[in-house]
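With mmCIF, C-alpha atoms and all ligand atoms inside, this is query28.cif:
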```
data_structure
#
loop_
_atom_site.label_atom_id
_atom_site.label_comp_id
_atom_site.auth_asym_id
_atom_site.auth_seq_id
_atom_site.Cartn_x
_atom_site.Cartn_y
_atom_site.Cartn_z
CA GLU A 1477 119.74 74.13 128.54
CA ALA A 1478 117.90 76.07 131.25
CA ASP A 1479 121.22 77.70 132.30
CA LYS A 1480 121.49 79.39 128.92
CA PRO A 1481 120.14 82.91 128.40
CA VAL A 1482 116.51 82.86 127.24
CA THR A 1483 117.57 84.41 123.91
CA GLU A 1484 119.84 81.44 123.19
CA GLN A 1485 117.15 78.97 124.28
CA LEU A 1486 114.76 80.67 121.85
CA VAL A 1487 117.21 80.17 118.99
CA ASP A 1488 117.78 76.54 120.02
CA THR A 1489 114.04 75.83 119.97
CA LEU A 1490 113.51 77.68 116.67
CA THR A 1491 116.35 75.57 115.24
CA LYS A 1492 114.83 72.36 116.56
CA LEU A 1493 111.39 73.24 115.17
CA SER A 1494 112.88 73.80 111.71
CA GLY A 1495 114.65 70.44 111.67
CA GLY A 1496 117.94 72.34 111.79
CA PRO A 1497 120.62 73.44 112.19
CA HIS A 1498 120.65 74.52 108.56
CA ALA A 1499 124.17 75.81 107.87
CA ASP A 1500 124.37 79.37 106.46
CA PHE A 1501 120.70 80.15 107.21
CA ARG A 1502 118.86 82.25 109.79
CA ALA A 1503 117.27 80.32 112.69
CA ASN A 1504 114.04 82.18 111.85
CA HIS A 1505 112.96 83.85 108.60
CA ALA A 1506 115.48 81.62 106.81
CA LYS A 1507 113.99 81.93 103.32
CA GLY A 1508 114.23 85.41 101.87
CA LEU A 1509 114.93 87.73 99.00
CA VAL A 1510 117.08 90.88 99.13
CA VAL A 1511 116.19 93.94 97.05
CA GLN A 1512 117.29 97.57 96.83
CA GLY A 1513 115.65 100.95 96.40
CA ASP A 1514 115.19 104.27 98.13
CA PHE A 1515 113.11 106.07 100.73
CA VAL A 1516 111.76 109.60 100.34
CA PRO A 1517 110.42 111.09 103.58
CA ALA A 1518 107.03 112.82 103.77
CA ALA A 1519 106.90 116.44 104.95
CA SER A 1520 105.10 115.26 108.10
CA ALA A 1521 107.93 112.88 109.13
CA SER A 1522 110.01 115.55 110.88
CA SER A 1523 107.04 116.45 113.10
CA VAL A 1524 107.53 113.07 114.78
CA SER A 1525 111.29 112.46 114.64
CA LYS A 1526 114.47 114.37 113.87
CA ALA A 1527 116.06 111.15 112.50
CA ALA A 1528 118.25 111.82 109.45
CA HIS A 1529 116.27 109.62 107.03
CA PHE A 1530 113.13 111.63 107.88
CA THR A 1531 114.76 114.95 107.00
CA ALA A 1532 117.06 113.96 104.09
CA LYS A 1533 115.87 114.42 100.50
CA SER A 1534 116.15 110.67 99.87
CA VAL A 1535 118.20 107.78 101.26
CA PRO A 1536 119.14 104.37 99.80
CA VAL A 1537 117.49 101.27 101.27
CA THR A 1538 118.22 97.56 101.27
CA VAL A 1539 115.20 95.37 102.02
CA ARG A 1540 114.92 91.66 102.81
CA PHE A 1541 111.52 89.98 102.44
CA SER A 1542 111.15 86.63 104.17
CA ASN A 1543 109.05 83.65 105.25
CA ALA A 1544 108.78 82.68 108.90
CA THR A 1545 110.54 79.61 110.36
CA GLY A 1546 114.10 78.41 110.02
CA VAL A 1547 113.16 76.09 107.14
CA PRO A 1548 115.23 77.36 104.19
CA ASN A 1549 112.94 75.97 101.46
CA ILE A 1550 109.53 76.38 103.11
CA PRO A 1551 106.84 76.76 100.42
CA ASP A 1552 105.71 80.39 100.15
CA ALA A 1553 101.99 79.56 100.67
CA ASN A 1554 102.59 77.08 103.53
CA GLY A 1555 100.79 78.01 106.75
CA ASN A 1556 104.02 77.92 108.74
CA SER A 1557 105.60 80.52 106.44
CA PHE A 1558 103.51 83.19 108.24
CA PRO A 1559 104.08 85.81 109.37
CA LYS A 1560 105.97 87.13 106.37
CA GLY A 1561 108.85 89.44 107.24
CA MET A 1562 110.24 92.70 105.90
CA ALA A 1563 113.60 94.04 107.08
CA ILE A 1564 114.64 97.51 105.91
CA ARG A 1565 118.08 99.08 106.20
CA PHE A 1566 118.23 102.84 105.56
CA GLY A 1567 121.62 104.23 104.55
CA LEU A 1568 122.07 107.53 106.40
CA PRO A 1569 123.91 110.62 105.11
CA ASP A 1570 126.74 110.13 107.67
CA GLU A 1571 127.41 106.59 106.30
CA SER A 1572 125.77 104.91 109.31
CA TYR A 1573 122.48 103.05 108.98
CA THR A 1574 119.26 102.29 110.81
CA ASP A 1575 116.89 99.31 110.50
CA ILE A 1576 113.15 98.61 110.66
CA VAL A 1577 112.22 94.90 111.03
CA VAL A 1578 108.50 94.13 110.71
CA ILE A 1579 106.00 91.30 110.17
CA SER A 1580 102.73 90.75 108.30
CA VAL A 1581 100.63 90.39 111.45
CA ASN A 1582 99.63 93.28 113.72
CA GLY A 1583 100.49 91.67 117.05
CA PHE A 1584 102.66 89.05 118.71
CA PRO A 1585 101.82 85.80 120.56
CA ALA A 1586 103.70 86.69 123.75
CA ALA A 1587 104.49 89.78 125.80
CA THR A 1588 107.82 88.48 127.13
CA PRO A 1589 110.64 86.32 125.75
CA GLU A 1590 110.00 83.77 128.52
CA ASP A 1591 106.39 83.41 127.40
CA PHE A 1592 107.43 83.15 123.75
CA LEU A 1593 109.86 80.39 124.71
CA GLY A 1594 107.00 78.66 126.56
CA LEU A 1595 104.92 78.68 123.39
CA LEU A 1596 107.75 77.42 121.15
CA ASN A 1597 108.72 74.71 123.62
CA ALA A 1598 105.08 73.61 123.84
CA VAL A 1599 104.95 73.35 120.04
CA ALA A 1600 108.21 71.36 120.06
CA ALA A 1601 106.84 69.00 122.74
CA SER A 1602 103.59 68.36 120.82
CA GLY A 1603 102.95 65.86 118.05
CA GLY A 1604 102.78 62.87 120.39
CA ASP A 1605 99.72 61.09 121.74
CA ALA A 1606 99.06 63.36 124.74
CA LYS A 1607 95.57 64.92 124.69
CA PRO A 1608 95.38 67.81 125.17
CA SER A 1609 98.81 68.32 123.63
CA PRO A 1610 101.30 70.68 125.30
CA VAL A 1611 100.55 73.38 122.71
CA GLU A 1612 96.78 72.96 123.18
CA GLN A 1613 97.33 73.40 126.92
CA PHE A 1614 99.49 76.47 126.36
CA LEU A 1615 96.96 78.10 124.02
CA ALA A 1616 94.10 77.38 126.42
CA THR A 1617 95.82 79.50 129.08
CA HIS A 1618 97.42 82.17 126.82
CA PRO A 1619 94.75 84.14 124.90
CA ALA A 1620 97.26 86.35 123.05
CA ALA A 1621 99.05 83.28 121.69
CA LEU A 1622 95.71 81.74 120.68
CA LYS A 1623 94.73 84.94 118.89
CA PHE A 1624 98.05 85.05 117.02
CA VAL A 1625 98.06 81.42 115.90
CA THR A 1626 94.43 81.60 114.76
CA THR A 1627 94.91 84.81 112.74
CA PRO A 1628 94.09 83.87 109.13
CA LYS A 1629 97.25 83.09 107.17
CA LEU A 1630 96.45 84.71 103.85
CA PRO A 1631 99.09 84.15 101.17
CA PRO A 1632 99.66 87.52 99.48
CA VAL A 1633 99.58 87.83 95.69
CA SER A 1634 103.01 89.45 96.00
CA PHE A 1635 105.34 90.85 98.65
CA GLY A 1636 104.24 94.09 96.93
CA THR A 1637 100.62 93.54 98.07
CA GLN A 1638 101.44 92.64 101.69
CA PRO A 1639 101.02 95.14 104.55
CA PHE A 1640 103.52 94.94 107.41
CA PHE A 1641 103.38 95.98 111.08
CA GLY A 1642 106.03 97.14 113.53
CA VAL A 1643 104.34 95.46 116.53
CA ASN A 1644 106.93 96.79 119.02
CA ALA A 1645 106.69 100.47 119.98
CA PHE A 1646 109.57 102.93 119.70
CA LYS A 1647 110.12 106.34 121.26
CA PHE A 1648 110.22 109.10 118.63
CA ILE A 1649 111.76 112.50 119.40
CA ASN A 1650 111.45 115.55 117.12
CA ALA A 1651 113.72 118.61 116.84
CA LYS A 1652 111.70 120.44 119.50
CA GLY A 1653 112.32 117.58 121.93
CA GLU A 1654 108.70 116.41 121.83
CA VAL A 1655 108.31 112.69 122.55
CA ASN A 1656 105.78 110.24 121.07
CA TYR A 1657 105.60 106.48 121.29
CA GLY A 1658 104.64 104.83 118.03
CA ARG A 1659 104.43 101.66 115.99
CA TYR A 1660 105.30 101.39 112.30
CA LEU A 1661 102.61 100.65 109.74
CA ILE A 1662 103.79 99.75 106.24
CA ALA A 1663 101.16 99.74 103.49
CA PRO A 1664 101.77 98.59 99.90
CA VAL A 1665 100.81 101.34 97.44
CA ALA A 1666 99.35 98.63 95.15
CA GLY A 1667 96.90 97.78 97.98
CA ALA A 1668 96.62 94.56 99.98
CA ALA A 1669 95.77 91.54 97.80
CA TYR A 1670 95.75 87.84 98.62
CA LEU A 1671 95.42 84.57 96.73
CA ASP A 1672 92.08 82.78 96.92
CA LYS A 1673 92.14 79.25 98.32
CA ALA A 1674 92.25 77.54 94.91
CA ASP A 1675 95.25 79.60 93.78
CA ALA A 1676 96.98 79.20 97.16
CA ASP A 1677 96.59 75.41 96.95
CA LYS A 1678 98.32 75.24 93.58
CA ALA A 1679 100.87 78.02 94.20
CA ASP A 1680 104.48 77.27 93.25
CA PRO A 1681 106.64 76.73 96.38
CA ASP A 1682 108.71 79.77 95.35
CA TYR A 1683 105.89 81.87 93.87
CA LEU A 1684 106.59 84.92 96.06
CA MET A 1685 110.36 84.83 95.59
CA ASN A 1686 109.86 84.60 91.80
CA GLU A 1687 107.00 87.09 91.54
CA LEU A 1688 108.85 90.09 92.97
CA PRO A 1689 111.75 90.09 90.47
CA ALA A 1690 109.18 89.81 87.64
CA ARG A 1691 107.09 92.66 89.08
CA LEU A 1692 110.18 94.87 89.46
CA LYS A 1693 110.80 94.60 85.71
CA GLN A 1694 107.52 96.54 85.28
CA GLY A 1695 108.56 99.31 87.68
CA ALA A 1696 109.13 100.13 91.33
CA VAL A 1697 107.18 98.37 94.10
CA GLN A 1698 106.20 100.99 96.66
CA TYR A 1699 105.11 101.17 100.28
CA ARG A 1700 103.93 104.04 102.45
CA ILE A 1701 105.65 103.96 105.82
CA ALA A 1702 103.66 105.56 108.63
CA VAL A 1703 103.66 105.55 112.41
CA GLN A 1704 100.64 105.01 114.65
CA LEU A 1705 101.00 107.18 117.76
CA ALA A 1706 100.05 105.98 121.23
CA GLU A 1707 97.74 107.96 123.47
CA ALA A 1708 97.99 108.16 127.24
CA GLY A 1709 97.07 104.78 128.73
CA ASP A 1710 97.93 102.71 125.63
CA ALA A 1711 100.14 99.69 126.33
CA ILE A 1712 103.58 100.75 125.06
CA ASN A 1713 105.52 97.73 126.27
CA ASP A 1714 103.20 94.86 125.38
CA ALA A 1715 103.43 93.60 121.79
CA THR A 1716 100.32 91.44 122.25
CA GLN A 1717 98.10 94.52 122.60
CA THR A 1718 97.19 96.44 119.46
CA TRP A 1719 95.99 100.02 119.78
CA PRO A 1720 92.62 101.28 118.57
CA ALA A 1721 92.48 102.04 114.83
CA THR A 1722 91.36 105.55 115.77
CA ARG A 1723 94.87 106.49 116.94
CA LYS A 1724 96.61 109.23 114.94
CA VAL A 1725 98.72 107.93 112.05
CA VAL A 1726 101.52 110.15 110.69
CA GLU A 1727 102.99 109.54 107.23
CA LEU A 1728 106.75 109.06 107.33
CA GLY A 1729 107.44 108.59 103.64
CA THR A 1730 107.51 106.34 100.59
CA LEU A 1731 109.79 103.37 100.14
CA SER A 1732 110.41 102.35 96.52
CA VAL A 1733 111.89 98.92 95.86
CA ARG A 1734 113.61 99.10 92.45
CA ASN A 1735 115.76 96.02 91.84
CA VAL A 1736 116.92 92.67 93.15
CA HIS A 1737 120.21 92.95 95.08
CA PRO A 1738 122.94 91.75 92.70
CA GLN A 1739 124.73 89.85 95.52
CA GLY A 1740 121.70 89.11 97.67
CA THR A 1741 122.75 85.66 98.86
CA ALA A 1742 126.15 86.84 100.13
CA PHE A 1743 124.55 89.97 101.60
CA GLU A 1744 121.91 88.12 103.59
CA LYS A 1745 124.42 85.70 105.03
CA GLN A 1746 126.76 88.51 106.13
CA THR A 1747 124.04 90.82 107.43
CA MET A 1748 122.13 90.90 110.69
CA PHE A 1749 119.15 93.23 110.59
CA ASN A 1750 118.62 94.67 114.06
CA PRO A 1751 115.47 96.42 115.26
CA LEU A 1752 117.61 98.25 117.84
CA MET A 1753 120.04 99.66 115.25
CA LEU A 1754 118.56 103.11 115.81
CA THR A 1755 119.62 106.68 115.10
CA ASP A 1756 119.27 110.03 116.88
CA GLY A 1757 115.52 110.78 117.05
CA ILE A 1758 114.37 107.15 117.56
CA GLU A 1759 114.88 105.17 120.77
CA ALA A 1760 113.81 101.77 122.07
CA SER A 1761 110.72 101.38 124.25
CA GLU A 1762 110.91 99.10 127.30
CA ASP A 1763 109.01 96.34 125.47
CA PRO A 1764 110.74 93.11 126.67
CA ILE A 1765 110.13 91.40 123.32
CA LEU A 1766 111.85 94.25 121.49
CA LEU A 1767 114.74 94.24 123.95
CA ALA A 1768 115.23 90.46 123.55
CA ARG A 1769 115.40 90.54 119.77
CA PRO A 1770 119.00 91.72 119.17
CA GLY A 1771 120.36 89.08 121.54
CA ALA A 1772 118.47 86.27 119.80
CA TYR A 1773 119.36 87.57 116.34
CA ALA A 1774 123.03 87.78 117.31
CA VAL A 1775 123.06 84.11 118.40
CA SER A 1776 121.54 83.12 115.05
CA PHE A 1777 123.93 85.43 113.17
CA GLY A 1778 126.98 84.06 114.96
CA ARG A 1779 125.98 80.49 114.17
CA ARG A 1780 125.47 81.18 110.47
CA LEU A 1781 128.91 82.78 110.17
CA LYS A 1782 130.61 79.67 111.52
C1 LIG B 1801 111.49 87.42 121.40
C2 LIG B 1801 110.90 87.48 120.20
C3 LIG B 1801 111.60 87.13 118.93
C4 LIG B 1801 112.58 86.20 118.69
C5 LIG B 1801 113.21 85.22 119.68
C6 LIG B 1801 112.92 86.29 117.29
C7 LIG B 1801 113.89 85.50 116.68
C8 LIG B 1801 114.43 85.75 115.43
C9 LIG B 1801 115.66 85.19 114.91
C10 LIG B 1801 116.56 84.22 115.65
C11 LIG B 1801 115.85 85.71 113.67
C12 LIG B 1801 117.03 85.46 112.74
C13 LIG B 1801 117.99 86.67 112.82
C14 LIG B 1801 119.26 86.48 112.04
O1 LIG B 1801 119.82 85.38 112.03
O2 LIG B 1801 119.76 87.46 111.42
C15 LIG B 1801 114.74 86.57 113.41
C16 LIG B 1801 114.55 87.25 112.23
C17 LIG B 1801 113.47 88.07 111.99
N1 LIG B 1801 112.51 88.48 112.89
FE1 LIG B 1801 112.36 87.91 114.79
N2 LIG B 1801 112.17 87.26 116.70
C18 LIG B 1801 111.35 87.80 117.66
C19 LIG B 1801 110.44 88.82 117.49
C20 LIG B 1801 110.16 89.43 116.29
C21 LIG B 1801 109.21 90.49 116.11
C22 LIG B 1801 108.36 91.13 117.20
C23 LIG B 1801 109.25 90.80 114.78
C24 LIG B 1801 108.51 91.86 114.00
C25 LIG B 1801 107.62 92.70 114.51
C26 LIG B 1801 110.22 89.94 114.13
C27 LIG B 1801 110.55 89.94 112.80
C28 LIG B 1801 111.62 89.29 112.25
C29 LIG B 1801 112.01 89.42 110.85
C30 LIG B 1801 111.30 90.20 109.75
C31 LIG B 1801 113.18 88.65 110.70
C32 LIG B 1801 114.02 88.49 109.43
C33 LIG B 1801 115.11 89.56 109.41
C34 LIG B 1801 116.00 89.42 108.20
O3 LIG B 1801 115.47 89.39 107.08
O4 LIG B 1801 117.22 89.36 108.37
N3 LIG B 1801 110.76 89.13 115.09
N4 LIG B 1801 113.88 86.59 114.47
#
```
Could you rewrite the structure in this file as structure tokens?
Amino acid sequence: EADKPVTEQLVDTLTKLSGGPHADFRANHAKGLVVQGDFVPAASASSVSKAAHFTAKSVPVTVRFSNATGVPNIPDANGNSFPKGMAIRFGLPDESYTDIVVISVNGFPAATPEDFLGLLNAVAASGGDAKPSPVEQFLATHPAALKFVTTPKLPPVSFGTQPFFGVNAFKFINAKGEVNYGRYLIAPVAGAAYLDKADADKADPDYLMNELPARLKQGAVQYRIAVQLAEAGDAINDATQTWPATRKVVELGTLSVRNVHPQGTAFEKQTMFNPLMLTDGIEASEDPILLARPGAYAVSFGRRLK
């Protein structure tokens, strides 16, 4: 096992933690719902990036909302179903596409894939009689992981009331060649809203997956996509470190989800969202977590196609 690339070991441990393998499903964020809509850029978007979806009039989007873990039927209010996920694919005017893949927590438990594997392996090794357990030992020596796992897991009223965060930084380049590093912030236009404990305790296991189609019958579900820009000295390549809320935030545009994807189940099986599927005007940072993601996703994707 230790001879395998860390990305493959990560997928193996995620699979083990979910009681898998679960044929046809993702090794993480297995339970999801695919919807469609469009994105209309804000006038300010081109000041940050020359990317085609920030200068076009409007582009089509396909979005997959998801629960964490590789458990395909995890209840939507279950603590392990956090963070929630949102994967967005923008269709570009030249027929290519670019993706944004974000979570409902502003931060990550580990700065490197090796450290993330350490956390997951410690979780997998826990549950026995050892005190402190391997995961307790890991958390005692890894403050970022402790912060992440103790972040309140608030079940949203709807995917349409859940904010999402890019966590990893990207390098944005505008038409003048000016460079900024930034992280995506995605805010629901309906505002953030969560279930209280009583409602969460009695929530249907599929309440989120059922709520969104019902909400879409009343009209579009919208999000404002923005980017928080780093200042000199901010940690660009460490997903465990959030930046001060005082950093400049530039509006990129409005995403409107309009309908459930008519062939969502086939689409999600055949599709790998990829945070490094970028387009001219957006480049990867050197964040090792970001750089590890496509490799891990590809292992999971390859296994579900088998
Ligand atoms: C080294 C760190 C990470 C590992 C090993 C990892 C692993 C995975 C794997 C194996 C999948 C399934 C992909 C597929 O089969 O198509 C996945 C999906 C996903 N990941 Fe990660 N991930 C990592 C970091 C992140 C980060 C930092 C974010 C967000 C900021 C994120 C958000 C998501 C989302 C939203 C999905 C679902 C995508 C979809 O709907 O297709 N992950 N992850």
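Here atom CA of Pro1551 of chain A is placed at a distance of 16.2 Å from atom CA of Arg1502 of chain A.
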query: In Å to one decimal, how far is atom CA of Ala1600 of chain A from atom CA of Thr1483 of chain A?
result: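 Taking atom CA of Thr1483 of chain A and atom CA of Ala1600 of chain A, their separation equals 16.5 Å.
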Take the point (122.1, 104.2, 110.0) in the file's coordinates, draw a sphere of radius 12 Å around it, and report as a PDB file with C-alpha atoms, in the frame of the given file every protein, DNA or RNA residue with an atom inside or on it, counting only C-alpha atoms.
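Result saved to result35.pdb:
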```pdb
ATOM      1  CA  ALA A1527     116.060 111.150 112.500  1.00  0.00           C
ATOM      2  CA  ALA A1528     118.250 111.820 109.450  1.00  0.00           C
ATOM      3  CA  HIS A1529     116.270 109.620 107.030  1.00  0.00           C
ATOM      4  CA  PHE A1530     113.130 111.630 107.880  1.00  0.00           C
ATOM      5  CA  VAL A1535     118.200 107.780 101.260  1.00  0.00           C
ATOM      6  CA  PRO A1536     119.140 104.370  99.800  1.00  0.00           C
ATOM      7  CA  VAL A1537     117.490 101.270 101.270  1.00  0.00           C
ATOM      8  CA  THR A1538     118.220  97.560 101.270  1.00  0.00           C
ATOM      9  CA  ILE A1564     114.640  97.510 105.910  1.00  0.00           C
ATOM     10  CA  ARG A1565     118.080  99.080 106.200  1.00  0.00           C
ATOM     11  CA  PHE A1566     118.230 102.840 105.560  1.00  0.00           C
ATOM     12  CA  GLY A1567     121.620 104.230 104.550  1.00  0.00           C
ATOM     13  CA  LEU A1568     122.070 107.530 106.400  1.00  0.00           C
ATOM     14  CA  PRO A1569     123.910 110.620 105.110  1.00  0.00           C
ATOM     15  CA  ASP A1570     126.740 110.130 107.670  1.00  0.00           C
ATOM     16  CA  GLU A1571     127.410 106.590 106.300  1.00  0.00           C
ATOM     17  CA  SER A1572     125.770 104.910 109.310  1.00  0.00           C
ATOM     18  CA  TYR A1573     122.480 103.050 108.980  1.00  0.00           C
ATOM     19  CA  THR A1574     119.260 102.290 110.810  1.00  0.00           C
ATOM     20  CA  ASP A1575     116.890  99.310 110.500  1.00  0.00           C
ATOM     21  CA  ILE A1576     113.150  98.610 110.660  1.00  0.00           C
ATOM     22  CA  PHE A1749     119.150  93.230 110.590  1.00  0.00           C
ATOM     23  CA  ASN A1750     118.620  94.670 114.060  1.00  0.00           C
ATOM     24  CA  PRO A1751     115.470  96.420 115.260  1.00  0.00           C
ATOM     25  CA  LEU A1752     117.610  98.250 117.840  1.00  0.00           C
ATOM     26  CA  MET A1753     120.040  99.660 115.250  1.00  0.00           C
ATOM     27  CA  LEU A1754     118.560 103.110 115.810  1.00  0.00           C
ATOM     28  CA  THR A1755     119.620 106.680 115.100  1.00  0.00           C
ATOM     29  CA  ASP A1756     119.270 110.030 116.880  1.00  0.00           C
ATOM     30  CA  GLY A1757     115.520 110.780 117.050  1.00  0.00           C
ATOM     31  CA  ILE A1758     114.370 107.150 117.560  1.00  0.00           C
TER      32      ILE A1758
END
```
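Minimum atom-to-atom distances from A:Ala1606, A:Val1511, A:Val1733, A:Arg1723 to Gly1695 of chain A were compared using all atoms listed in the file, and the lowest value belongs to A:Val1733.
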Between atom CA of Thr1716 of chain A and atom CA of Leu1593 of chain A lies a distance of 14.8 Å
| task | Compare A:Lys1507, A:Lys1623, A:Lys1629, A:His1737 by their minimum atom-to-atom distance to Tyr1670 of chain A, counting only C-alpha atoms, and give me the closest one. | result |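 Going through A:Lys1507, A:Lys1623, A:Lys1629, A:His1737 one by one, the smallest distance to Tyr1670 of chain A is for A:Lys1629.
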Return as a PDB file with C-alpha atoms, in the coordinates of the input every polymer residue, whether protein, DNA or RNA, with at least one atom no more than 6 Å from an atom of ligand LIG 1801 (chain B); count all atoms listed in the file.
```
ATOM      1  CA  LEU A1486     114.760  80.670 121.850  1.00  0.00           C
ATOM      2  CA  VAL A1487     117.210  80.170 118.990  1.00  0.00           C
ATOM      3  CA  ARG A1502     118.860  82.250 109.790  1.00  0.00           C
ATOM      4  CA  ALA A1503     117.270  80.320 112.690  1.00  0.00           C
ATOM      5  CA  ASN A1504     114.040  82.180 111.850  1.00  0.00           C
ATOM      6  CA  HIS A1505     112.960  83.850 108.600  1.00  0.00           C
ATOM      7  CA  ARG A1540     114.920  91.660 102.810  1.00  0.00           C
ATOM      8  CA  SER A1542     111.150  86.630 104.170  1.00  0.00           C
ATOM      9  CA  GLY A1561     108.850  89.440 107.240  1.00  0.00           C
ATOM     10  CA  MET A1562     110.240  92.700 105.900  1.00  0.00           C
ATOM     11  CA  ALA A1563     113.600  94.040 107.080  1.00  0.00           C
ATOM     12  CA  VAL A1577     112.220  94.900 111.030  1.00  0.00           C
ATOM     13  CA  VAL A1578     108.500  94.130 110.710  1.00  0.00           C
ATOM     14  CA  ILE A1579     106.000  91.300 110.170  1.00  0.00           C
ATOM     15  CA  PRO A1589     110.640  86.320 125.750  1.00  0.00           C
ATOM     16  CA  GLY A1642     106.030  97.140 113.530  1.00  0.00           C
ATOM     17  CA  VAL A1643     104.340  95.460 116.530  1.00  0.00           C
ATOM     18  CA  MET A1748     122.130  90.900 110.690  1.00  0.00           C
ATOM     19  CA  PHE A1749     119.150  93.230 110.590  1.00  0.00           C
ATOM     20  CA  ILE A1765     110.130  91.400 123.320  1.00  0.00           C
ATOM     21  CA  ALA A1768     115.230  90.460 123.550  1.00  0.00           C
ATOM     22  CA  ARG A1769     115.400  90.540 119.770  1.00  0.00           C
ATOM     23  CA  ALA A1772     118.470  86.270 119.800  1.00  0.00           C
ATOM     24  CA  TYR A1773     119.360  87.570 116.340  1.00  0.00           C
ATOM     25  CA  SER A1776     121.540  83.120 115.050  1.00  0.00           C
ATOM     26  CA  PHE A1777     123.930  85.430 113.170  1.00  0.00           C
TER      27      PHE A1777
END
```
Contacts of segment 1672-1688 of chain A within 10 Å, all atoms listed in the file, excl. fewer than 2 positions in-chain, as number ranges by chain:
A: 1507-1511, 1541-1543, 1549-1554, 1630-1636, 1669-1670, 1690-1693, 1697, 1733, 1735-1736
Do you know which residues are at most 6 Å from Ala1645 of chain A counting all atoms listed in the file, after dropping those on the same chain fewer than 3 positions away, and could you put them as JSON, numbers by chain?
{"A": [1658, 1659, 1712, 1761]}
Practice prompt. Would you list the residues near (112.8, 113.5, 111.2) (no more than 10 Å away, in the coordinates of the file, using all atoms listed in the file) as number ranges by chain?
Written response: A: 1517-1532, 1648-1651, 1728, 1756-1758
Polymer residues at most 10 Å from Asp1763 of chain A, only C-alpha atoms, same-chain spacing of 4 or more positions, as a PDB file with C-alpha atoms, keeping the file's coordinate frame:
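around.pdb was written with the following content:
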```pdb
ATOM      1  CA  ALA A1587     104.490  89.780 125.800  1.00  0.00           C
ATOM      2  CA  THR A1588     107.820  88.480 127.130  1.00  0.00           C
ATOM      3  CA  ASN A1644     106.930  96.790 119.020  1.00  0.00           C
ATOM      4  CA  ALA A1645     106.690 100.470 119.980  1.00  0.00           C
ATOM      5  CA  PHE A1646     109.570 102.930 119.700  1.00  0.00           C
ATOM      6  CA  ALA A1711     100.140  99.690 126.330  1.00  0.00           C
ATOM      7  CA  ILE A1712     103.580 100.750 125.060  1.00  0.00           C
ATOM      8  CA  ASN A1713     105.520  97.730 126.270  1.00  0.00           C
ATOM      9  CA  ASP A1714     103.200  94.860 125.380  1.00  0.00           C
ATOM     10  CA  ALA A1715     103.430  93.600 121.790  1.00  0.00           C
ATOM     11  CA  LEU A1767     114.740  94.240 123.950  1.00  0.00           C
ATOM     12  CA  ALA A1768     115.230  90.460 123.550  1.00  0.00           C
TER      13      ALA A1768
END
```
Q | Which residue of A:Pro1610, A:Gly1778, A:Gly1729, A:Gly1583 approaches Asp1514 of chain A most closely, using only C-alpha atoms | A |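 So, comparing all the options, the nearest one is A:Gly1729.
Proximity of A:Pro1559, A:Gly1495, A:Pro1664, A:Gly1546 to Thr1730 of chain A, computed with all atoms listed in the file, is greatest for A:Pro1664.
Closest approach to Lys1647 of chain A among A:Glu1759, A:Glu1744, A:Asp1479, A:Asp1710 is made by A:Glu1759 (distances from all atoms listed in the file).
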Which centre and which edge lengths, in Å to one decimal, describe the axis-aligned box that holds all listed atoms of segment 1547-1561 of chain A after 8 Å is added on each side, as JSON?
```
{"center_x": 108.0, "center_y": 82.7, "center_z": 104.8, "size_x": 30.4, "size_y": 29.5, "size_z": 25.2}
```
Of A:Tyr1699, A:Ala1586, A:Arg1780, A:Val1655, the one nearest to Pro1764 of chain A when counting only C-alpha atoms is A:Ala1586
Some atoms are missing, so please complete segment 1562-1570 of chain A with N, CA and C atoms and return it as a PDB file, in the frame of the given file.
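What landed in selection-v8.pdb:
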```pdb
ATOM      1  N   MET A1562     109.627  91.647 106.716  1.00  0.00           N
ATOM      2  CA  MET A1562     110.240  92.700 105.900  1.00  0.00           C
ATOM      3  C   MET A1562     111.272  93.395 106.769  1.00  0.00           C
ATOM      4  N   ALA A1563     112.523  93.374 106.342  1.00  0.00           N
ATOM      5  CA  ALA A1563     113.600  94.040 107.080  1.00  0.00           C
ATOM      6  C   ALA A1563     114.154  95.137 106.182  1.00  0.00           C
ATOM      7  N   ILE A1564     114.228  96.348 106.717  1.00  0.00           N
ATOM      8  CA  ILE A1564     114.640  97.510 105.910  1.00  0.00           C
ATOM      9  C   ILE A1564     115.879  98.135 106.530  1.00  0.00           C
ATOM     10  N   ARG A1565     116.898  98.337 105.724  1.00  0.00           N
ATOM     11  CA  ARG A1565     118.080  99.080 106.200  1.00  0.00           C
ATOM     12  C   ARG A1565     118.180 100.392 105.422  1.00  0.00           C
ATOM     13  N   PHE A1566     118.122 101.502 106.156  1.00  0.00           N
ATOM     14  CA  PHE A1566     118.230 102.840 105.560  1.00  0.00           C
ATOM     15  C   PHE A1566     119.683 103.285 105.651  1.00  0.00           C
ATOM     16  N   GLY A1567     120.286 103.621 104.528  1.00  0.00           N
ATOM     17  CA  GLY A1567     121.620 104.230 104.550  1.00  0.00           C
ATOM     18  C   GLY A1567     121.466 105.695 104.929  1.00  0.00           C
ATOM     19  N   LEU A1568     122.214 106.146 105.925  1.00  0.00           N
ATOM     20  CA  LEU A1568     122.070 107.530 106.400  1.00  0.00           C
ATOM     21  C   LEU A1568     123.183 108.406 105.820  1.00  0.00           C
ATOM     22  N   PRO A1569     122.933 109.724 105.744  1.00  0.00           N
ATOM     23  CA  PRO A1569     123.910 110.620 105.110  1.00  0.00           C
ATOM     24  C   PRO A1569     125.298 110.538 105.745  1.00  0.00           C
ATOM     25  N   ASP A1570     125.404 110.195 107.031  1.00  0.00           N
ATOM     26  CA  ASP A1570     126.740 110.130 107.670  1.00  0.00           C
ATOM     27  C   ASP A1570     127.377 108.748 107.514  1.00  0.00           C
TER      28      ASP A1570
END
```
